[in-house]
Amino acid sequence: MRKAEKHLLVIFGASGDLTYRKLVPSVFDLYTQNLLPVNFGVLGLGRSKLSSEAFREKMKEGIKKFAGTTANKESMIDSFLEKLFYYSFDPEVKAEYEGFRDELEALNQKLDAGSNYIFYLATPPSLYPVVPANLAAYGLNREDKGFKRLIIEKPFGYDLESARKLNRKLQCNFKEDQIYRIDHYLGKETVQNMLVTRFANGIFEPLWNRNYIHHVEITSSEDIGVGSRGGYYDGSGALRDMVQNHLLLLTSLVAMEPPAVINADAMRNEMVKVLQSIRPIKEEEVEKYVIRGQYTASEIRGKMMKAYREEQGVDPQSRTETFVAMKFYIDNWRWAGVPFYIRTGKCLPTRVTEVVIHFNATPHHIFADNLQHVKTHNQLVLRIQPDEGILLKSAMKVPGAGFNVQDVNMDFHYSDLSNTYLPSAYERLLLDCMLGDATLYSRGDALEAAWQFVDPILKAWQNNPAIKVYGYPAGTWGPVESDELIEGVETWRY
Ligand code: NDP
Ligand code: BG6
């Protein structure tokens, strides 16, 4: 595998949760697989007054809890920790960048990192426009000596207008090919496998269109509630938190035209075309095509589950949705007339993310009565998590007299591949950025197109309080009203 050039990874907001749980453990995983360059270091930044020693101690704990690789874990931690450094300053204050730049340059000299820097913004989103402007003011966007890349976390904007503003701000200070907008769903191995399933198998691609596909269903359910993130979530809701980014990206991968090659431009050109072709849901149609829900208190198998409104940091009168189900169409040649259904929610019965392609039934049923009512039949299930894999449902004859038919599954689980290590999404994406490959990062225009679709829905909810927020007992499959959106309800409920 190609190794990254020497560089420093500079994390803003390094005293926070993301760095502790995801970023540093993923960098450690790359280290244990010998995928990092020798001249490499991580510089953590934050206002919290921490010494490099204290930062290392904290990160050691995070690595032990969250790193994925087990081989050589214990023996490699100490040598890895020597690559971590911490510097305390306030990234909102421009004048403080002088000291920061000196510190960075000293570390660059010490590690001989070639003035190649990746700046990772793991801060509250209010700082996403601020930090790049401050970096640029101190020349830290200039690539005359080494590369300068910027990774931006989600949420990317709060609505279309703020996303556009943020894009403009970023592009004033960094060139588009220096900007890496992360969506961890694109880093998931099984999400990328969708591309291989579609474009490396001659049997699927000819069927992948309106002539053979009846409808497409994309589900991402979580069995947990908002936990300690109530404060953030209450200002966001499921539509912004999951649909605008992760689920619309999944949609674009399912529906895109085959790119001529797999590279950042070709892939992202096709993805953005899908997002731009989604038929807008007008404000007056929102009630019909989008169902939102919020979990209420319940008792499941003797376990009491809190209502969303009782969660820490949540307004007791909140109308924020913790569940969304919607139906939409993609108005292009391939998908005309094929409904897409997506749904996501918290406090549902199980954690599962999957894409189900429902193929058309045979035009005439000649076998048993038990298939007569079914409008669709074969299903291809792309299971993203957990138990990652692919399953094809088809009809089989029940052995014995007559022609009774039943569904059977051809089933592949990644776990069946022995000795296969599934890298975490952050591990894959960090490595890609280190290699300068933005294929699995979102482009500004794709995010704007996704917001363009989501915006009228948010506006309708905001402008029309009569649009219902349906309650659903925690631990159930969301409001029953969401069932009415979809034909073939038997697959909608597991
Ligand atoms: P945290 O709140 O845990 O940490 C963010 C860090 O930013 C804090 O440790 C703090 O450090 C610093 N910070 C906070 N406020 C300011 C401020 N006003 N000025 C400067 N620095 C500030 O957040 P997370 O680590 O959870 O998330 C970071 C970003 O990543 C967020 O935007 C979040 O939306 C996004 N994200 C997080 C995920 C996760 O799993 N945690 C998943 C996906 C996205 P200090 O006080 O030391 O300066
Ligand atoms: C995050 C959302 O982006 O994705 C969370 O902010 C959600 O609310 C999470 O829980 C889901 O990610 P995953 O990888 O667990 O499916």
# chains A, B, ... in the order shown; residues from 1 in each chain; ligands from 1

$ residues_near_ligand --ligand "ligand 2" --cutoff "7 Å" --atoms "only C-alpha atoms and all ligand atoms" --output "NGL selection string"
:A and (184-185 or 241-242 or 353)

$ write_last_selection --atoms "C-alpha atoms" --output "short mmCIF file (atom, residue, chain, number, x, y, z; two decimals), in the first residue's frame"
data_model
loop_
_atom_site.label_atom_id
_atom_site.label_comp_id
_atom_site.auth_asym_id
_atom_site.auth_seq_id
_atom_site.Cartn_x
_atom_site.Cartn_y
_atom_site.Cartn_z
CA HIS A 184 -17.62 9.31 7.99
CA TYR A 185 -20.24 7.25 6.11
CA ASP A 241 -27.96 15.19 11.68
CA MET A 242 -28.39 12.13 9.43
CA THR A 353 -27.92 0.61 8.43
#

$ select_by_dssp --residues "region 241-482 of chain A" --states "strand (DSSP E)" --output "ChimeraX atom specification"
/A:290-296,298-300,303-305,323-329,339-345,352-360,376-385,389-397,405-413,470-473

$ write_last_selection --atoms "C-alpha atoms" --output "mmCIF file, in the first residue's frame"
data_model
loop_
_atom_site.group_PDB
_atom_site.id
_atom_site.type_symbol
_atom_site.label_atom_id
_atom_site.label_comp_id
_atom_site.auth_asym_id
_atom_site.auth_seq_id
_atom_site.Cartn_x
_atom_site.Cartn_y
_atom_site.Cartn_z
ATOM 1 C CA VAL A 290 -42.047 13.471 5.072
ATOM 2 C CA ILE A 291 -43.018 11.988 8.419
ATOM 3 C CA ARG A 292 -41.219 13.211 11.494
ATOM 4 C CA GLY A 293 -41.390 11.711 14.941
ATOM 5 C CA GLN A 294 -40.036 12.097 18.421
ATOM 6 C CA TYR A 295 -39.569 9.310 20.967
ATOM 7 C CA THR A 296 -41.723 9.246 24.044
ATOM 8 C CA SER A 298 -41.818 3.666 27.246
ATOM 9 C CA GLU A 299 -41.179 0.419 29.003
ATOM 10 C CA ILE A 300 -39.675 -2.341 26.880
ATOM 11 C CA LYS A 303 -36.675 -1.511 30.946
ATOM 12 C CA MET A 304 -37.827 2.093 31.343
ATOM 13 C CA MET A 305 -36.834 4.337 28.461
ATOM 14 C CA PHE A 323 -37.133 10.173 13.500
ATOM 15 C CA VAL A 324 -37.627 10.975 9.830
ATOM 16 C CA ALA A 325 -39.080 8.859 7.040
ATOM 17 C CA MET A 326 -39.491 10.235 3.546
ATOM 18 C CA LYS A 327 -40.327 9.350 0.002
ATOM 19 C CA PHE A 328 -38.788 11.073 -3.002
ATOM 20 C CA TYR A 329 -37.975 10.613 -6.661
ATOM 21 C CA PRO A 339 -39.607 5.812 -5.364
ATOM 22 C CA PHE A 340 -36.758 6.112 -2.882
ATOM 23 C CA TYR A 341 -37.651 5.722 0.781
ATOM 24 C CA ILE A 342 -35.280 6.774 3.489
ATOM 25 C CA ARG A 343 -35.732 6.670 7.213
ATOM 26 C CA THR A 344 -33.627 7.171 10.259
ATOM 27 C CA GLY A 345 -34.271 7.447 13.940
ATOM 28 C CA VAL A 352 -28.986 -1.301 11.532
ATOM 29 C CA THR A 353 -27.921 0.607 8.432
ATOM 30 C CA GLU A 354 -28.766 -0.937 5.106
ATOM 31 C CA VAL A 355 -29.811 -0.304 1.547
ATOM 32 C CA VAL A 356 -32.449 -2.609 0.090
ATOM 33 C CA ILE A 357 -32.991 -2.747 -3.654
ATOM 34 C CA HIS A 358 -36.441 -4.176 -4.366
ATOM 35 C CA PHE A 359 -36.643 -5.632 -7.862
ATOM 36 C CA ASN A 360 -39.823 -5.918 -9.884
ATOM 37 C CA THR A 376 -41.880 -6.958 -5.747
ATOM 38 C CA HIS A 377 -39.864 -9.990 -5.115
ATOM 39 C CA ASN A 378 -36.098 -10.281 -5.350
ATOM 40 C CA GLN A 379 -34.255 -8.051 -2.957
ATOM 41 C CA LEU A 380 -30.615 -7.156 -2.757
ATOM 42 C CA VAL A 381 -29.716 -6.091 0.761
ATOM 43 C CA LEU A 382 -26.487 -4.166 1.200
ATOM 44 C CA ARG A 383 -25.860 -4.349 4.918
ATOM 45 C CA ILE A 384 -23.649 -1.499 6.048
ATOM 46 C CA GLN A 385 -23.711 -2.217 9.775
ATOM 47 C CA GLY A 389 -22.392 -8.045 4.180
ATOM 48 C CA ILE A 390 -24.642 -8.621 1.197
ATOM 49 C CA LEU A 391 -27.733 -10.720 0.872
ATOM 50 C CA LEU A 392 -29.752 -11.625 -2.196
ATOM 51 C CA LYS A 393 -33.292 -12.805 -1.596
ATOM 52 C CA SER A 394 -34.805 -15.013 -4.235
ATOM 53 C CA ALA A 395 -37.604 -17.517 -4.637
ATOM 54 C CA MET A 396 -37.027 -21.260 -4.307
ATOM 55 C CA LYS A 397 -39.268 -24.222 -4.651
ATOM 56 C CA VAL A 405 -42.401 -21.226 -3.345
ATOM 57 C CA GLN A 406 -40.483 -19.670 -0.501
ATOM 58 C CA ASP A 407 -37.863 -16.946 -0.111
ATOM 59 C CA VAL A 408 -34.264 -17.986 0.434
ATOM 60 C CA ASN A 409 -31.182 -15.902 1.047
ATOM 61 C CA MET A 410 -27.796 -16.007 -0.568
ATOM 62 C CA ASP A 411 -25.860 -14.447 2.169
ATOM 63 C CA PHE A 412 -22.319 -13.118 2.507
ATOM 64 C CA HIS A 413 -20.938 -11.717 5.756
ATOM 65 C CA TYR A 470 -45.705 12.245 15.772
ATOM 66 C CA GLY A 471 -44.774 10.626 19.061
ATOM 67 C CA TYR A 472 -43.491 7.054 19.068
ATOM 68 C CA PRO A 473 -42.703 4.993 22.135
#

$ residues_around --residues "Glu153 (chain A)" --least-positions-apart "5" --cutoff "7 Å" --atoms "only C-alpha atoms" --output "ChimeraX atom specification"
/A:121-122,181-182

$ atom_distance --atom1 "CA of Thr420 (chain A)" --atom2 "CA of Asn34 (chain A)"
16.7 Å

$ residues_near_ligand --ligand "ligand 1" --cutoff "6 Å" --atoms "only C-alpha atoms and all ligand atoms" --output "number ranges by chain"
A: 13-19, 46-48, 90-92, 122-125, 153-155

$ closest_residue --among "A:Pro25, A:Gly225, A:Pro280, A:Gly444" --to "Ile179 (chain A)" --atoms "only C-alpha atoms"
A:Gly444

$ closest_residue --among "A:Leu170, A:Ala163, A:Leu348, A:Ile152" --to "Ala133 (chain A)" --atoms "only C-alpha atoms"
A:Leu170

$ select_by_dssp --residues "region 101-244 of chain A" --states "helix (DSSP H, G or I)" --output "PyMOL selection string"
chain A and resi 101-111+125-127+130-137+160-173+176-178+184-187+189-199+205-207+227-234+238-244

$ closest_residue --among "A:Pro386, A:Gly157, A:Gly337, A:Pro132" --to "Lys175 (chain A)" --atoms "only C-alpha atoms"
A:Pro132
